[in-house]
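J.: Just so it is clear, I am handing over entry26.pdb, which has PDB, C-alpha atoms, pLDDT in the B column.
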```
ATOM      1  CA  MET E   1      39.366  10.170 -20.454  1.00 60.00           C
ATOM      2  CA  ASN E   2      40.904   6.850 -21.489  1.00 72.00           C
ATOM      3  CA  VAL E   3      38.864   5.067 -18.853  1.00 76.00           C
ATOM      4  CA  THR E   4      35.734   6.726 -20.237  1.00 75.00           C
ATOM      5  CA  ILE E   5      36.542   5.547 -23.766  1.00 80.00           C
ATOM      6  CA  ILE E   6      37.114   1.990 -22.566  1.00 86.00           C
ATOM      7  CA  TYR E   7      33.960   2.075 -20.435  1.00 84.00           C
ATOM      8  CA  THR E   8      31.917   3.416 -23.366  1.00 84.00           C
ATOM      9  CA  ALA E   9      33.327   0.697 -25.623  1.00 88.00           C
ATOM     10  CA  VAL E  10      32.287  -1.896 -23.028  1.00 91.00           C
ATOM     11  CA  LEU E  11      28.780  -0.411 -22.986  1.00 90.00           C
ATOM     12  CA  TYR E  12      28.635  -0.686 -26.795  1.00 90.00           C
ATOM     13  CA  LEU E  13      29.703  -4.289 -26.483  1.00 95.00           C
ATOM     14  CA  VAL E  14      27.022  -4.975 -23.881  1.00 96.00           C
ATOM     15  CA  VAL E  15      24.314  -3.540 -26.144  1.00 96.00           C
ATOM     16  CA  VAL E  16      25.553  -5.512 -29.170  1.00 96.00           C
ATOM     17  CA  ILE E  17      25.838  -8.804 -27.279  1.00 97.00           C
ATOM     18  CA  VAL E  18      22.508  -8.503 -25.452  1.00 97.00           C
ATOM     19  CA  SER E  19      20.700  -7.469 -28.653  1.00 97.00           C
ATOM     20  CA  ALA E  20      22.325 -10.343 -30.564  1.00 97.00           C
ATOM     21  CA  ILE E  21      21.223 -12.847 -27.921  1.00 97.00           C
ATOM     22  CA  PHE E  22      17.625 -11.618 -28.143  1.00 97.00           C
ATOM     23  CA  VAL E  23      17.788 -11.842 -31.945  1.00 97.00           C
ATOM     24  CA  MET E  24      19.157 -15.390 -31.768  1.00 96.00           C
ATOM     25  CA  LYS E  25      16.318 -16.371 -29.445  1.00 95.00           C
ATOM     26  CA  ASP E  26      13.806 -14.823 -31.902  1.00 96.00           C
ATOM     27  CA  TYR E  27      12.753 -11.994 -29.580  1.00 97.00           C
ATOM     28  CA  TYR E  28      12.983  -9.424 -32.344  1.00 97.00           C
ATOM     29  CA  THR E  29      10.826  -6.739 -30.721  1.00 97.00           C
ATOM     30  CA  ILE E  30      12.993  -6.543 -27.603  1.00 98.00           C
ATOM     31  CA  ALA E  31      16.193  -6.731 -29.667  1.00 98.00           C
ATOM     32  CA  GLY E  32      14.909  -3.976 -31.948  1.00 97.00           C
ATOM     33  CA  LEU E  33      14.047  -1.751 -28.999  1.00 97.00           C
ATOM     34  CA  LEU E  34      17.485  -2.269 -27.470  1.00 97.00           C
ATOM     35  CA  ILE E  35      19.189  -1.346 -30.747  1.00 96.00           C
ATOM     36  CA  ILE E  36      16.973   1.643 -31.593  1.00 95.00           C
ATOM     37  CA  GLY E  37      17.025   3.043 -28.055  1.00 95.00           C
ATOM     38  CA  ASN E  38      20.792   2.924 -27.774  1.00 94.00           C
ATOM     39  CA  LEU E  39      21.490   4.092 -31.294  1.00 90.00           C
ATOM     40  CA  TRP E  40      20.749   7.753 -30.619  1.00 84.00           C
ATOM     41  CA  PRO E  41      23.036   8.380 -27.602  1.00 85.00           C
ATOM     42  CA  GLY E  42      25.520   5.769 -28.813  1.00 77.00           C
ATOM     43  CA  LEU E  43      25.994   7.522 -32.130  1.00 78.00           C
ATOM     44  CA  GLY E  44      26.058  10.854 -30.324  1.00 78.00           C
ATOM     45  CA  ILE E  45      29.115   9.783 -28.346  1.00 76.00           C
ATOM     46  CA  LEU E  46      30.738   8.303 -31.427  1.00 73.00           C
ATOM     47  CA  LEU E  47      30.328  11.534 -33.397  1.00 75.00           C
ATOM     48  CA  CYS E  48      31.586  13.801 -30.590  1.00 69.00           C
TER      49      CYS E  48
ATOM     50  CA  MET T   1      35.328  16.811 -27.241  1.00 53.00           C
ATOM     51  CA  PHE T   2      33.716  14.652 -24.576  1.00 64.00           C
ATOM     52  CA  ASN T   3      30.014  15.383 -24.159  1.00 77.00           C
ATOM     53  CA  GLU T   4      28.986  14.475 -20.604  1.00 81.00           C
ATOM     54  CA  GLN T   5      25.298  14.990 -21.374  1.00 85.00           C
ATOM     55  CA  ILE T   6      25.230  12.379 -24.157  1.00 87.00           C
ATOM     56  CA  TYR T   7      27.444  10.116 -22.074  1.00 87.00           C
ATOM     57  CA  ARG T   8      24.876  10.252 -19.250  1.00 90.00           C
ATOM     58  CA  ARG T   9      22.045   9.538 -21.701  1.00 92.00           C
ATOM     59  CA  PHE T  10      23.911   6.532 -23.071  1.00 92.00           C
ATOM     60  CA  ASN T  11      24.484   5.194 -19.554  1.00 92.00           C
ATOM     61  CA  HIS T  12      20.739   5.528 -19.002  1.00 95.00           C
ATOM     62  CA  THR T  13      19.606   3.810 -22.204  1.00 96.00           C
ATOM     63  CA  VAL T  14      22.105   0.962 -21.772  1.00 96.00           C
ATOM     64  CA  ALA T  15      20.228   0.077 -18.565  1.00 96.00           C
ATOM     65  CA  ALA T  16      17.501  -1.391 -20.819  1.00 97.00           C
ATOM     66  CA  CYS T  17      19.905  -4.327 -21.297  1.00 97.00           C
ATOM     67  CA  PHE T  18      19.069  -5.414 -17.732  1.00 97.00           C
ATOM     68  CA  VAL T  19      16.143  -7.318 -19.297  1.00 98.00           C
ATOM     69  CA  ILE T  20      18.688  -9.990 -20.291  1.00 97.00           C
ATOM     70  CA  PHE T  21      17.998 -11.244 -16.747  1.00 97.00           C
ATOM     71  CA  PHE T  22      14.830 -12.904 -18.014  1.00 97.00           C
ATOM     72  CA  LEU T  23      16.863 -15.019 -20.446  1.00 97.00           C
ATOM     73  CA  PHE T  24      19.011 -16.417 -17.630  1.00 96.00           C
ATOM     74  CA  PRO T  25      18.394 -20.022 -16.563  1.00 95.00           C
ATOM     75  CA  GLN T  26      16.180 -20.263 -13.477  1.00 93.00           C
ATOM     76  CA  LYS T  27      19.125 -21.652 -11.523  1.00 93.00           C
ATOM     77  CA  ILE T  28      22.754 -20.563 -11.870  1.00 91.00           C
ATOM     78  CA  LEU T  29      25.394 -22.653 -10.073  1.00 90.00           C
ATOM     79  CA  GLY T  30      22.599 -24.145  -7.984  1.00 92.00           C
ATOM     80  CA  LEU T  31      21.286 -20.748  -6.893  1.00 92.00           C
ATOM     81  CA  GLU T  32      18.035 -19.099  -7.956  1.00 94.00           C
ATOM     82  CA  ARG T  33      18.827 -16.443 -10.559  1.00 95.00           C
ATOM     83  CA  ILE T  34      17.374 -13.698  -8.368  1.00 96.00           C
ATOM     84  CA  TYR T  35      20.406 -14.085  -6.085  1.00 96.00           C
ATOM     85  CA  LEU T  36      22.601 -13.064  -9.011  1.00 94.00           C
ATOM     86  CA  ALA T  37      20.578  -9.859  -9.281  1.00 95.00           C
ATOM     87  CA  ILE T  38      20.904  -9.280  -5.528  1.00 96.00           C
ATOM     88  CA  ILE T  39      24.698  -9.747  -5.726  1.00 96.00           C
ATOM     89  CA  LEU T  40      24.892  -7.239  -8.589  1.00 95.00           C
ATOM     90  CA  TRP T  41      22.740  -4.814  -6.620  1.00 97.00           C
ATOM     91  CA  LEU T  42      25.026  -5.118  -3.588  1.00 97.00           C
ATOM     92  CA  ILE T  43      28.060  -4.434  -5.810  1.00 97.00           C
ATOM     93  CA  ILE T  44      26.335  -1.288  -7.078  1.00 96.00           C
ATOM     94  CA  LEU T  45      25.609  -0.216  -3.487  1.00 97.00           C
ATOM     95  CA  VAL T  46      29.256  -0.725  -2.522  1.00 97.00           C
ATOM     96  CA  ILE T  47      30.408   1.369  -5.513  1.00 95.00           C
ATOM     97  CA  GLU T  48      27.959   4.098  -4.507  1.00 95.00           C
ATOM     98  CA  TYR T  49      29.136   3.960  -0.880  1.00 96.00           C
ATOM     99  CA  LEU T  50      32.719   4.391  -2.058  1.00 95.00           C
ATOM    100  CA  ARG T  51      31.710   7.249  -4.373  1.00 94.00           C
ATOM    101  CA  LEU T  52      29.849   9.102  -1.627  1.00 94.00           C
ATOM    102  CA  ASN T  53      32.908   8.744   0.601  1.00 94.00           C
ATOM    103  CA  ASN T  54      35.210  10.028  -2.141  1.00 89.00           C
ATOM    104  CA  LYS T  55      37.028   6.702  -2.447  1.00 90.00           C
ATOM    105  CA  VAL T  56      36.218   6.382  -6.145  1.00 87.00           C
ATOM    106  CA  LYS T  57      35.428   8.989  -8.783  1.00 86.00           C
ATOM    107  CA  LEU T  58      32.762   8.187 -11.345  1.00 85.00           C
ATOM    108  CA  LEU T  59      32.459  10.145 -14.555  1.00 80.00           C
ATOM    109  CA  GLY T  60      29.234  11.707 -15.744  1.00 80.00           C
ATOM    110  CA  MET T  61      27.849  12.497 -12.294  1.00 86.00           C
ATOM    111  CA  ARG T  62      25.718  15.596 -11.921  1.00 84.00           C
ATOM    112  CA  ASP T  63      26.755  18.289  -9.430  1.00 85.00           C
ATOM    113  CA  TYR T  64      23.726  17.726  -7.212  1.00 84.00           C
ATOM    114  CA  GLU T  65      24.560  14.013  -7.003  1.00 84.00           C
ATOM    115  CA  LYS T  66      27.792  14.779  -5.151  1.00 84.00           C
ATOM    116  CA  ASN T  67      26.241  14.304  -1.720  1.00 85.00           C
ATOM    117  CA  ARG T  68      23.180  12.228  -2.523  1.00 90.00           C
ATOM    118  CA  VAL T  69      22.408   8.812  -3.927  1.00 92.00           C
ATOM    119  CA  ALA T  70      23.071   8.839  -7.678  1.00 92.00           C
ATOM    120  CA  GLY T  71      20.548   8.082 -10.393  1.00 92.00           C
ATOM    121  CA  PHE T  72      22.134   4.799 -11.440  1.00 93.00           C
ATOM    122  CA  VAL T  73      21.606   3.392  -7.930  1.00 95.00           C
ATOM    123  CA  TRP T  74      17.939   4.394  -7.967  1.00 95.00           C
ATOM    124  CA  PHE T  75      17.486   2.908 -11.431  1.00 96.00           C
ATOM    125  CA  ALA T  76      19.202  -0.363 -10.513  1.00 97.00           C
ATOM    126  CA  SER T  77      17.176  -0.573  -7.300  1.00 97.00           C
ATOM    127  CA  GLY T  78      13.933  -0.139  -9.238  1.00 97.00           C
ATOM    128  CA  THR T  79      14.944  -2.755 -11.771  1.00 98.00           C
ATOM    129  CA  PHE T  80      15.948  -5.288  -9.118  1.00 97.00           C
ATOM    130  CA  ILE T  81      12.719  -4.701  -7.180  1.00 97.00           C
ATOM    131  CA  ILE T  82      10.845  -5.445 -10.410  1.00 98.00           C
ATOM    132  CA  PHE T  83      12.958  -8.596 -10.888  1.00 98.00           C
ATOM    133  CA  GLY T  84      12.065  -9.695  -7.369  1.00 97.00           C
ATOM    134  CA  PHE T  85       8.330  -9.153  -7.729  1.00 97.00           C
ATOM    135  CA  THR T  86       8.361 -10.827 -11.155  1.00 97.00           C
ATOM    136  CA  GLU T  87      10.152 -13.864  -9.761  1.00 96.00           C
ATOM    137  CA  MET T  88       7.539 -14.018  -6.991  1.00 96.00           C
ATOM    138  CA  GLY T  89       4.818 -13.994  -9.628  1.00 95.00           C
ATOM    139  CA  VAL T  90       3.385 -10.634  -8.575  1.00 97.00           C
ATOM    140  CA  PHE T  91       4.327  -8.691 -11.724  1.00 97.00           C
ATOM    141  CA  PRO T  92       3.650 -10.284 -15.119  1.00 97.00           C
ATOM    142  CA  GLN T  93       6.945 -10.666 -16.969  1.00 98.00           C
ATOM    143  CA  SER T  94       5.670  -8.753 -20.002  1.00 98.00           C
ATOM    144  CA  ILE T  95       4.858  -5.695 -17.850  1.00 98.00           C
ATOM    145  CA  ALA T  96       8.236  -5.987 -16.092  1.00 98.00           C
ATOM    146  CA  ILE T  97      10.231  -6.067 -19.345  1.00 98.00           C
ATOM    147  CA  ALA T  98       8.226  -3.253 -20.930  1.00 98.00           C
ATOM    148  CA  THR T  99       8.549  -1.084 -17.822  1.00 98.00           C
ATOM    149  CA  ILE T 100      12.334  -1.488 -17.515  1.00 98.00           C
ATOM    150  CA  ILE T 101      12.895  -0.627 -21.194  1.00 98.00           C
ATOM    151  CA  MET T 102      10.351   2.182 -21.011  1.00 98.00           C
ATOM    152  CA  ALA T 103      12.051   3.763 -17.972  1.00 98.00           C
ATOM    153  CA  ALA T 104      15.502   3.452 -19.559  1.00 97.00           C
ATOM    154  CA  TYR T 105      14.398   5.391 -22.657  1.00 97.00           C
ATOM    155  CA  THR T 106      11.566   7.670 -21.574  1.00 97.00           C
ATOM    156  CA  ASP T 107      13.500   9.568 -18.880  1.00 95.00           C
ATOM    157  CA  PRO T 108      16.276  10.662 -21.301  1.00 95.00           C
ATOM    158  CA  VAL T 109      13.664  11.518 -23.943  1.00 95.00           C
ATOM    159  CA  ILE T 110      11.831  13.768 -21.465  1.00 95.00           C
ATOM    160  CA  GLY T 111      15.124  15.372 -20.413  1.00 93.00           C
ATOM    161  CA  GLU T 112      16.277  16.051 -23.975  1.00 93.00           C
ATOM    162  CA  ALA T 113      12.859  17.318 -25.081  1.00 94.00           C
ATOM    163  CA  ASN T 114      12.688  19.712 -22.119  1.00 93.00           C
ATOM    164  CA  ARG T 115      16.229  20.912 -22.762  1.00 91.00           C
ATOM    165  CA  ASN T 116      15.789  21.451 -26.507  1.00 92.00           C
ATOM    166  CA  PHE T 117      12.153  22.457 -26.902  1.00 93.00           C
ATOM    167  CA  GLY T 118      10.902  23.446 -23.426  1.00 86.00           C
ATOM    168  CA  GLY T 119       7.204  23.808 -22.626  1.00 82.00           C
ATOM    169  CA  ASN T 120       5.273  20.565 -22.497  1.00 89.00           C
ATOM    170  CA  TRP T 121       7.360  18.822 -25.156  1.00 94.00           C
ATOM    171  CA  GLY T 122       8.972  16.662 -22.510  1.00 93.00           C
ATOM    172  CA  LEU T 123       5.641  15.382 -21.293  1.00 94.00           C
ATOM    173  CA  GLY T 124       4.305  14.859 -24.822  1.00 96.00           C
ATOM    174  CA  LEU T 125       7.331  13.095 -26.291  1.00 97.00           C
ATOM    175  CA  GLY T 126       7.874  11.165 -23.063  1.00 97.00           C
ATOM    176  CA  PHE T 127       4.304   9.910 -23.187  1.00 97.00           C
ATOM    177  CA  LEU T 128       4.665   8.971 -26.855  1.00 98.00           C
ATOM    178  CA  CYS T 129       7.927   7.119 -26.186  1.00 97.00           C
ATOM    179  CA  GLY T 130       6.479   5.221 -23.215  1.00 98.00           C
ATOM    180  CA  PHE T 131       3.276   4.421 -25.096  1.00 98.00           C
ATOM    181  CA  LEU T 132       5.112   3.004 -28.125  1.00 98.00           C
ATOM    182  CA  ILE T 133       7.403   0.856 -25.979  1.00 98.00           C
ATOM    183  CA  TYR T 134       4.527  -0.562 -23.935  1.00 98.00           C
ATOM    184  CA  LEU T 135       2.489  -1.132 -27.086  1.00 98.00           C
ATOM    185  CA  SER T 136       5.288  -2.930 -28.898  1.00 97.00           C
ATOM    186  CA  ILE T 137       5.918  -5.293 -25.990  1.00 97.00           C
ATOM    187  CA  ILE T 138       2.565  -5.767 -24.247  1.00 97.00           C
ATOM    188  CA  GLY T 139       0.406  -5.098 -27.291  1.00 96.00           C
ATOM    189  CA  SER T 140      -2.456  -3.511 -25.355  1.00 96.00           C
ATOM    190  CA  ILE T 141      -3.504   0.096 -25.958  1.00 97.00           C
ATOM    191  CA  PHE T 142      -5.135   0.258 -22.508  1.00 98.00           C
ATOM    192  CA  TYR T 143      -1.997  -0.739 -20.580  1.00 98.00           C
ATOM    193  CA  SER T 144       0.181   1.368 -22.891  1.00 98.00           C
ATOM    194  CA  ILE T 145      -1.795   4.555 -22.219  1.00 98.00           C
ATOM    195  CA  VAL T 146      -2.000   3.962 -18.454  1.00 98.00           C
ATOM    196  CA  GLY T 147       1.675   2.943 -18.142  1.00 98.00           C
ATOM    197  CA  ALA T 148       3.009   5.851 -20.199  1.00 98.00           C
ATOM    198  CA  LEU T 149       0.755   8.319 -18.387  1.00 97.00           C
ATOM    199  CA  ILE T 150       1.924   7.175 -14.946  1.00 97.00           C
ATOM    200  CA  ALA T 151       5.552   7.285 -16.085  1.00 97.00           C
ATOM    201  CA  VAL T 152       5.428  10.917 -17.217  1.00 96.00           C
ATOM    202  CA  ILE T 153       3.447  11.980 -14.143  1.00 95.00           C
ATOM    203  CA  VAL T 154       5.882  10.463 -11.630  1.00 94.00           C
ATOM    204  CA  GLU T 155       8.916  11.704 -13.572  1.00 91.00           C
ATOM    205  CA  HIS T 156       8.154  15.334 -12.778  1.00 82.00           C
ATOM    206  CA  PRO T 157       8.487  15.775  -8.984  1.00 74.00           C
ATOM    207  CA  LYS T 158      12.129  16.287  -7.980  1.00 71.00           C
ATOM    208  CA  LEU T 159      12.623  14.833  -4.517  1.00 69.00           C
ATOM    209  CA  LYS T 160      15.953  14.249  -2.793  1.00 67.00           C
ATOM    210  CA  TRP T 161      14.851  11.022  -1.119  1.00 72.00           C
ATOM    211  CA  PHE T 162      12.970   9.461  -4.021  1.00 79.00           C
ATOM    212  CA  ASP T 163      14.341   9.625  -7.536  1.00 89.00           C
ATOM    213  CA  ASP T 164      12.364   9.515 -10.771  1.00 92.00           C
ATOM    214  CA  ASP T 165      14.578   6.640 -11.992  1.00 94.00           C
ATOM    215  CA  LEU T 166      12.992   4.488  -9.284  1.00 95.00           C
ATOM    216  CA  ALA T 167       9.507   6.004  -9.476  1.00 96.00           C
ATOM    217  CA  MET T 168       9.261   5.551 -13.260  1.00 97.00           C
ATOM    218  CA  GLN T 169       9.674   1.810 -12.801  1.00 97.00           C
ATOM    219  CA  ILE T 170       7.902   1.030  -9.546  1.00 97.00           C
ATOM    220  CA  PHE T 171       4.692   3.026 -10.049  1.00 97.00           C
ATOM    221  CA  PRO T 172       3.846   1.940 -13.630  1.00 98.00           C
ATOM    222  CA  ALA T 173       4.775  -1.700 -12.947  1.00 98.00           C
ATOM    223  CA  THR T 174       2.768  -1.805  -9.716  1.00 98.00           C
ATOM    224  CA  ILE T 175      -0.345  -0.071 -11.044  1.00 98.00           C
ATOM    225  CA  LEU T 176      -0.402  -2.049 -14.311  1.00 98.00           C
ATOM    226  CA  SER T 177       0.049  -5.288 -12.359  1.00 98.00           C
ATOM    227  CA  ILE T 178      -2.780  -4.370  -9.979  1.00 97.00           C
ATOM    228  CA  LEU T 179      -5.039  -3.624 -12.956  1.00 97.00           C
ATOM    229  CA  TRP T 180      -4.061  -6.950 -14.497  1.00 96.00           C
ATOM    230  CA  LEU T 181      -4.448  -8.955 -11.273  1.00 95.00           C
ATOM    231  CA  ALA T 182      -7.816  -7.323 -10.576  1.00 96.00           C
ATOM    232  CA  GLY T 183      -8.989  -8.160 -14.070  1.00 95.00           C
ATOM    233  CA  LEU T 184      -9.676  -4.497 -14.804  1.00 94.00           C
ATOM    234  CA  GLY T 185      -7.619  -4.465 -17.974  1.00 91.00           C
ATOM    235  CA  PRO T 186      -7.681  -6.643 -21.060  1.00 94.00           C
ATOM    236  CA  GLU T 187      -5.947 -10.017 -21.028  1.00 94.00           C
ATOM    237  CA  ILE T 188      -2.241  -9.930 -21.922  1.00 95.00           C
ATOM    238  CA  THR T 189       0.480 -12.506 -22.446  1.00 94.00           C
ATOM    239  CA  GLU T 190       2.054 -12.987 -19.034  1.00 94.00           C
ATOM    240  CA  THR T 191       5.379 -14.501 -20.086  1.00 94.00           C
ATOM    241  CA  ILE T 192       6.980 -13.312 -23.309  1.00 94.00           C
ATOM    242  CA  VAL T 193      10.571 -14.467 -22.741  1.00 94.00           C
ATOM    243  CA  GLU T 194      11.578 -17.983 -21.763  1.00 91.00           C
ATOM    244  CA  GLY T 195      14.776 -18.466 -19.758  1.00 85.00           C
ATOM    245  CA  LEU T 196      17.582 -20.445 -21.380  1.00 76.00           C
TER     246      LEU T 196
END
```
Spell out the structure here as structure tokens.
T.:
Amino acid sequence: MNVTIIYTAVLYLVVVIVSAIFVMKDYYTIAGLLIIGNLWPGLGILLC
Amino acid sequence: MFNEQIYRRFNHTVAACFVIFFLFPQKILGLERIYLAIILWLIILVIEYLRLNNKVKLLGMRDYEKNRVAGFVWFASGTFIIFGFTEMGVFPQSIAIATIIMAAYTDPVIGEANRNFGGNWGLGLGFLCGFLIYLSIIGSIFYSIVGALIAVIVEHPKLKWFDDDLAMQIFPATILSILWLAGLGPEITETIVEGL
């Protein structure tokens, strides 16, 4: 369970970092898709 | 309470982040960037080999994946095949990026829609999801309809030796690229992301 929490946190970090890089490079559409697409299951895990 | 279903969905949608590959410099430590993708793919294959031989236990696996190649391996394989063909100049980069993101999101959308609503909701919402992703990236209604349609069609058959995670990337990317190369579709921007 602890491993799962750490792994999930790493996944969150990956999404945040990758999205931020796309934003910084002005690729807003791709960044937006990455954020929106991961928001639904990401929040789902957070709220469980 | 840990929800394995949502956990699996999150693992699937995170795969969209693979498109960061296209921001990598063309050469990393003197090697073409595609070799980095190949190394990552080999690592994934080793993990899967160990999992199938009960050397490691991965969370979130489905029961039927116990003795067969898991979805994440199929998805990664599809993505790395797309990387390879894009680097060779066969697939336009815009189609490659749109297809990887589309496959990462549309498959979970179809699964959730089927689970919650049944009927043809999976097909309908899956098509809508794929269409909107293609449209937002490629910007062509023609390619968006064709790509989303192919994705939902190939998602349906459940075969042991060929997973929908692979099919939903390879078939749309290949057919859209053929249409583009043959000049049968409207003109699109080939490269939308420049490497660092």
J.: Write out as an mmCIF file with C-alpha atoms, keeping the file's coordinate frame which residues come within 10 Å of Trp40 (chain E) when counting all atoms listed in the file, dropping same-chain ones fewer than 4 positions away.
T.:
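Below is the file that was written, part-v8.cif:
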```
data_model
loop_
_atom_site.group_PDB
_atom_site.id
_atom_site.type_symbol
_atom_site.label_atom_id
_atom_site.label_comp_id
_atom_site.auth_asym_id
_atom_site.auth_seq_id
_atom_site.Cartn_x
_atom_site.Cartn_y
_atom_site.Cartn_z
ATOM 1 C CA ILE E 35 19.189 -1.346 -30.747
ATOM 2 C CA ILE E 36 16.973 1.643 -31.593
ATOM 3 C CA GLY E 44 26.058 10.854 -30.324
ATOM 4 C CA ILE E 45 29.115 9.783 -28.346
ATOM 5 C CA ILE T 6 25.230 12.379 -24.157
ATOM 6 C CA ARG T 9 22.045 9.538 -21.701
ATOM 7 C CA PHE T 10 23.911 6.532 -23.071
ATOM 8 C CA THR T 13 19.606 3.810 -22.204
#
```
J.: For Thr106 (chain T), find every residue with an atom within 8 Å (counting only C-alpha atoms), except residues of its own chain fewer than 5 positions away, and show them as a PDB file with C-alpha atoms, keeping the file's coordinate frame.
T.:
```pdb
ATOM      1  CA  GLY T 126       7.874  11.165 -23.063  1.00 97.00           C
ATOM      2  CA  PHE T 127       4.304   9.910 -23.187  1.00 97.00           C
ATOM      3  CA  CYS T 129       7.927   7.119 -26.186  1.00 97.00           C
ATOM      4  CA  GLY T 130       6.479   5.221 -23.215  1.00 98.00           C
TER       5      GLY T 130
END
```
J.: Evaluating the PyMOL selection byres ((chain E) within 7 of (chain T)) on the displayed file yields which residues, as an NGL selection string?
T.: :E and (11 or 15 or 18 or 29 or 34 or 37-38 or 41-42 or 44-45 or 48)
J.: Would you compute the distance between CA of Ile43 (chain T) and CA of Gln169 (chain T)? Give it in Å to one decimal.
T.: 20.6 Å
J.: Which polymer residues have any atom within 10 Å of an atom of Ser177 (chain T), counting all atoms listed in the file, with same-chain residues fewer than 6 positions away left out, as a list of chain:residue names?
T.: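 Residues meeting the cut-off are T:Val90, T:Phe91, T:Pro92, T:Gln93, T:Ile95, T:Ala96, T:Tyr143, T:Phe171, T:Gly183, T:Gly185.
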J.: Would you mind reading off the distance between CA of Leu135 (chain T) and CA of Ala148 (chain T), one decimal, in Å?
T.: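 If I compute the distance from CA of Leu135 (chain T) to CA of Ala148 (chain T), I get 9.8 Å.
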J.: Can you pull out every residue within 10 Å of Val146 (chain T), counting only C-alpha atoms, but drop anything in the same chain fewer than 5 positions away, and send it as a PyMOL selection string?
T.: chain T and resi 127+130-131+134+141+151+172+175-176+179
J.: What does the structure give for the distance between CA of Ala167 (chain T) and CA of Val154 (chain T), in Å to one decimal?
T.: 6.1 Å
J.: So which residues are close to (28.7, 14.7, -0.6), meaning at most 6 Å away in the file's coordinates with all atoms listed in the file counted, and can you show them as a PyMOL selection string?
T.: chain T and resi 52+66-67
J.: Using only C-alpha atoms, can you tell me which of T:Tyr49, T:Phe142, T:Phe80, T:Tyr64 comes closest to Leu36 (chain T)?
T.: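 So, comparing all the options, the nearest one is T:Phe80.
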J.: As a ChimeraX atom specification, please: the residues near Val3 (chain E) (cut-off 12 Å, all atoms listed in the file, same-chain neighbours under 3 positions excluded).
T.: /E:6-10 /T:57-59
J.: Work out where the centre of an axis-aligned box around every listed atom of region 4-22 of chain E lies and how long its edges are once 3 Å is added on each side; give both in Å to one decimal as lines of an AutoDock Vina configuration file.
T.:
```
center_x = 27.4
center_y = -3.1
center_z = -25.4
size_x = 25.5
size_y = 25.6
size_z = 16.3
```
J.: Start from the incomplete input, build N, CA, C and O atoms for region 40-50 of chain T, and deliver everything as a PDB file, in the frame of the given file.
T.:
```pdb
ATOM      1  N   LEU T  40      24.570  -8.396  -7.748  1.00 95.00           N
ATOM      2  CA  LEU T  40      24.892  -7.239  -8.589  1.00 95.00           C
ATOM      3  C   LEU T  40      24.444  -5.945  -7.929  1.00 95.00           C
ATOM      4  O   LEU T  40      25.150  -4.926  -7.955  1.00 95.00           O
ATOM      5  N   TRP T  41      23.275  -5.995  -7.311  1.00 97.00           N
ATOM      6  CA  TRP T  41      22.740  -4.814  -6.620  1.00 97.00           C
ATOM      7  C   TRP T  41      23.651  -4.412  -5.464  1.00 97.00           C
ATOM      8  O   TRP T  41      23.945  -3.229  -5.270  1.00 97.00           O
ATOM      9  N   LEU T  42      24.124  -5.396  -4.712  1.00 97.00           N
ATOM     10  CA  LEU T  42      25.026  -5.118  -3.588  1.00 97.00           C
ATOM     11  C   LEU T  42      26.339  -4.507  -4.076  1.00 97.00           C
ATOM     12  O   LEU T  42      26.880  -3.596  -3.445  1.00 97.00           O
ATOM     13  N   ILE T  43      26.831  -5.002  -5.233  1.00 97.00           N
ATOM     14  CA  ILE T  43      28.060  -4.434  -5.810  1.00 97.00           C
ATOM     15  C   ILE T  43      27.842  -2.955  -6.147  1.00 97.00           C
ATOM     16  O   ILE T  43      28.679  -2.100  -5.873  1.00 97.00           O
ATOM     17  N   ILE T  44      26.661  -2.684  -6.729  1.00 96.00           N
ATOM     18  CA  ILE T  44      26.335  -1.288  -7.078  1.00 96.00           C
ATOM     19  C   ILE T  44      26.267  -0.423  -5.815  1.00 96.00           C
ATOM     20  O   ILE T  44      26.760   0.709  -5.789  1.00 96.00           O
ATOM     21  N   LEU T  45      25.696  -0.973  -4.747  1.00 97.00           N
ATOM     22  CA  LEU T  45      25.609  -0.216  -3.487  1.00 97.00           C
ATOM     23  C   LEU T  45      27.001   0.061  -2.906  1.00 97.00           C
ATOM     24  O   LEU T  45      27.245   1.153  -2.387  1.00 97.00           O
ATOM     25  N   VAL T  46      27.891  -0.915  -3.028  1.00 97.00           N
ATOM     26  CA  VAL T  46      29.256  -0.725  -2.522  1.00 97.00           C
ATOM     27  C   VAL T  46      29.962   0.376  -3.321  1.00 97.00           C
ATOM     28  O   VAL T  46      30.609   1.263  -2.746  1.00 97.00           O
ATOM     29  N   ILE T  47      29.794   0.329  -4.666  1.00 95.00           N
ATOM     30  CA  ILE T  47      30.408   1.369  -5.513  1.00 95.00           C
ATOM     31  C   ILE T  47      29.873   2.751  -5.114  1.00 95.00           C
ATOM     32  O   ILE T  47      30.618   3.717  -4.993  1.00 95.00           O
ATOM     33  N   GLU T  48      28.560   2.824  -4.885  1.00 95.00           N
ATOM     34  CA  GLU T  48      27.959   4.098  -4.507  1.00 95.00           C
ATOM     35  C   GLU T  48      28.450   4.564  -3.144  1.00 95.00           C
ATOM     36  O   GLU T  48      28.713   5.752  -2.939  1.00 95.00           O
ATOM     37  N   TYR T  49      28.612   3.623  -2.215  1.00 96.00           N
ATOM     38  CA  TYR T  49      29.136   3.960  -0.880  1.00 96.00           C
ATOM     39  C   TYR T  49      30.542   4.554  -1.019  1.00 96.00           C
ATOM     40  O   TYR T  49      30.859   5.577  -0.401  1.00 96.00           O
ATOM     41  N   LEU T  50      31.346   3.908  -1.855  1.00 95.00           N
ATOM     42  CA  LEU T  50      32.719   4.391  -2.058  1.00 95.00           C
ATOM     43  C   LEU T  50      32.719   5.763  -2.733  1.00 95.00           C
ATOM     44  O   LEU T  50      33.515   6.636  -2.408  1.00 95.00           O
TER      45      LEU T  50
END
```
